[in-house]
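Below is one structure, written out as structure tokens; the observations come after it.
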Amino acid sequence: MGSKNKKQLNLLELPNPERVKIIKEVKEKLQQRIIEEKLWQSLLDAENIVINGNTIYRMGEQLCGFSMNK
């Protein structure tokens with residue numbers, strides 16, 4: 001995790017609606033990261049990964065033919 005130069009907020013100084021909105025956004029981002037981590041872990045645990053009939057990974061071999069853009 002790299003550090004980002006984001007301004008720190010004091011949640012106690014924010015109005016309630018804005019505080020709730022920020023907390024909700026952070027919670028959603030954390031839940032998304034947990035889902036992504038579980039997906040990647042399950043891919044790492046797989047012996048073979050096949051997409052559209054093409055084997056892109058076999059246990060112990062390099063991952064090939066797969067890219068992911070955010």
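Residues in the structure tokens are numbered from 1 in each chain, the chains being A, B, ... in the order shown, and ligands are numbered from 1 in the order shown.
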
Going by DSSP on the backbone, which residues of chain A come out as strand (DSSP E or B)? List them as a list of chain:residue names.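 Reading the DSSP output for chain A, strand (DSSP E or B) covers A:Asn48, A:Ile49, A:Val50, A:Ile51, A:Asn54, A:Thr55, A:Ile56, A:Tyr57, A:Arg58.
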
Kindly export the residues of the current selection with C-alpha atoms, as a PDB file, in the first residue's frame.
```
ATOM      1  CA  ASN A  48      -6.026 -24.757 -13.522  1.00  0.00           C
ATOM      2  CA  ILE A  49      -7.736 -21.617 -14.758  1.00  0.00           C
ATOM      3  CA  VAL A  50      -9.637 -21.886 -18.035  1.00  0.00           C
ATOM      4  CA  ILE A  51     -11.341 -18.949 -19.786  1.00  0.00           C
ATOM      5  CA  ASN A  54      -8.313 -21.726 -23.132  1.00  0.00           C
ATOM      6  CA  THR A  55      -6.100 -22.724 -20.230  1.00  0.00           C
ATOM      7  CA  ILE A  56      -4.408 -19.568 -19.039  1.00  0.00           C
ATOM      8  CA  TYR A  57      -2.860 -21.036 -15.887  1.00  0.00           C
ATOM      9  CA  ARG A  58      -1.628 -24.418 -14.689  1.00  0.00           C
TER      10      ARG A  58
END
```

**Request:** Check range 3-64 of chain A with DSSP on the backbone and list each residue it calls helix (DSSP H, G or I), as a PyMOL selection string.
**Result:** chain A and resi 11-13+16-45

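Between CA of Lys7 in chain A and CA of Lys21 in chain A the interatomic distance comes to 16.7 Å.
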
Env of Leu9 in chain A: 12 Å cut, atoms = only C-alpha atoms, seq-sep filter 2 positions within chain, self excluded. Answer as a list of chain:residue names.
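Result of the neighbour search: A:Lys6, A:Lys7, A:Leu11, A:Leu12, A:Glu13, A:Leu14, A:Pro15, A:Glu18, A:Arg19, A:Ile22, A:Ile23.
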
Exercise: Leu44 in chain A partners within 12 Å, only C-alpha atoms, chain neighbours under 5 positions left out, as a CSV table (one decimal) with N, CA and C atoms, in the first residue's frame:
```
chain,number,residue,atom,x,y,z
A,37,GLU,N,-9.7,-9.3,-2.9
A,37,GLU,CA,-8.7,-10.2,-2.3
A,37,GLU,C,-9.1,-11.6,-2.3
A,38,LYS,N,-10.4,-11.9,-2.0
A,38,LYS,CA,-10.9,-13.3,-1.9
A,38,LYS,C,-10.9,-13.9,-3.3
A,39,LEU,N,-11.2,-13.1,-4.3
A,39,LEU,CA,-11.2,-13.6,-5.7
A,39,LEU,C,-9.8,-14.0,-6.1
A,49,ILE,N,-6.8,-22.7,-14.5
A,49,ILE,CA,-7.7,-21.6,-14.8
A,49,ILE,C,-8.0,-21.6,-16.3
A,57,TYR,N,-3.7,-20.8,-17.0
A,57,TYR,CA,-2.9,-21.0,-15.9
A,57,TYR,C,-2.9,-22.5,-15.5
A,58,ARG,N,-1.8,-23.1,-15.3
A,58,ARG,CA,-1.6,-24.4,-14.7
A,58,ARG,C,-0.7,-24.3,-13.5
A,59,MET,N,-1.0,-25.0,-12.5
A,59,MET,CA,-0.2,-25.0,-11.2
A,59,MET,C,1.2,-25.0,-11.5
A,60,GLY,N,2.0,-24.0,-11.1
A,60,GLY,CA,3.4,-24.0,-11.2
A,60,GLY,C,3.9,-23.4,-12.5
A,61,GLU,N,3.0,-22.9,-13.4
A,61,GLU,CA,3.4,-22.3,-14.6
A,61,GLU,C,3.0,-20.8,-14.6
A,62,GLN,N,3.6,-20.0,-15.5
A,62,GLN,CA,3.3,-18.6,-15.5
A,62,GLN,C,1.9,-18.4,-16.0
A,63,LEU,N,1.3,-17.3,-15.5
A,63,LEU,CA,0.0,-16.9,-15.9
A,63,LEU,C,0.1,-16.2,-17.3
```
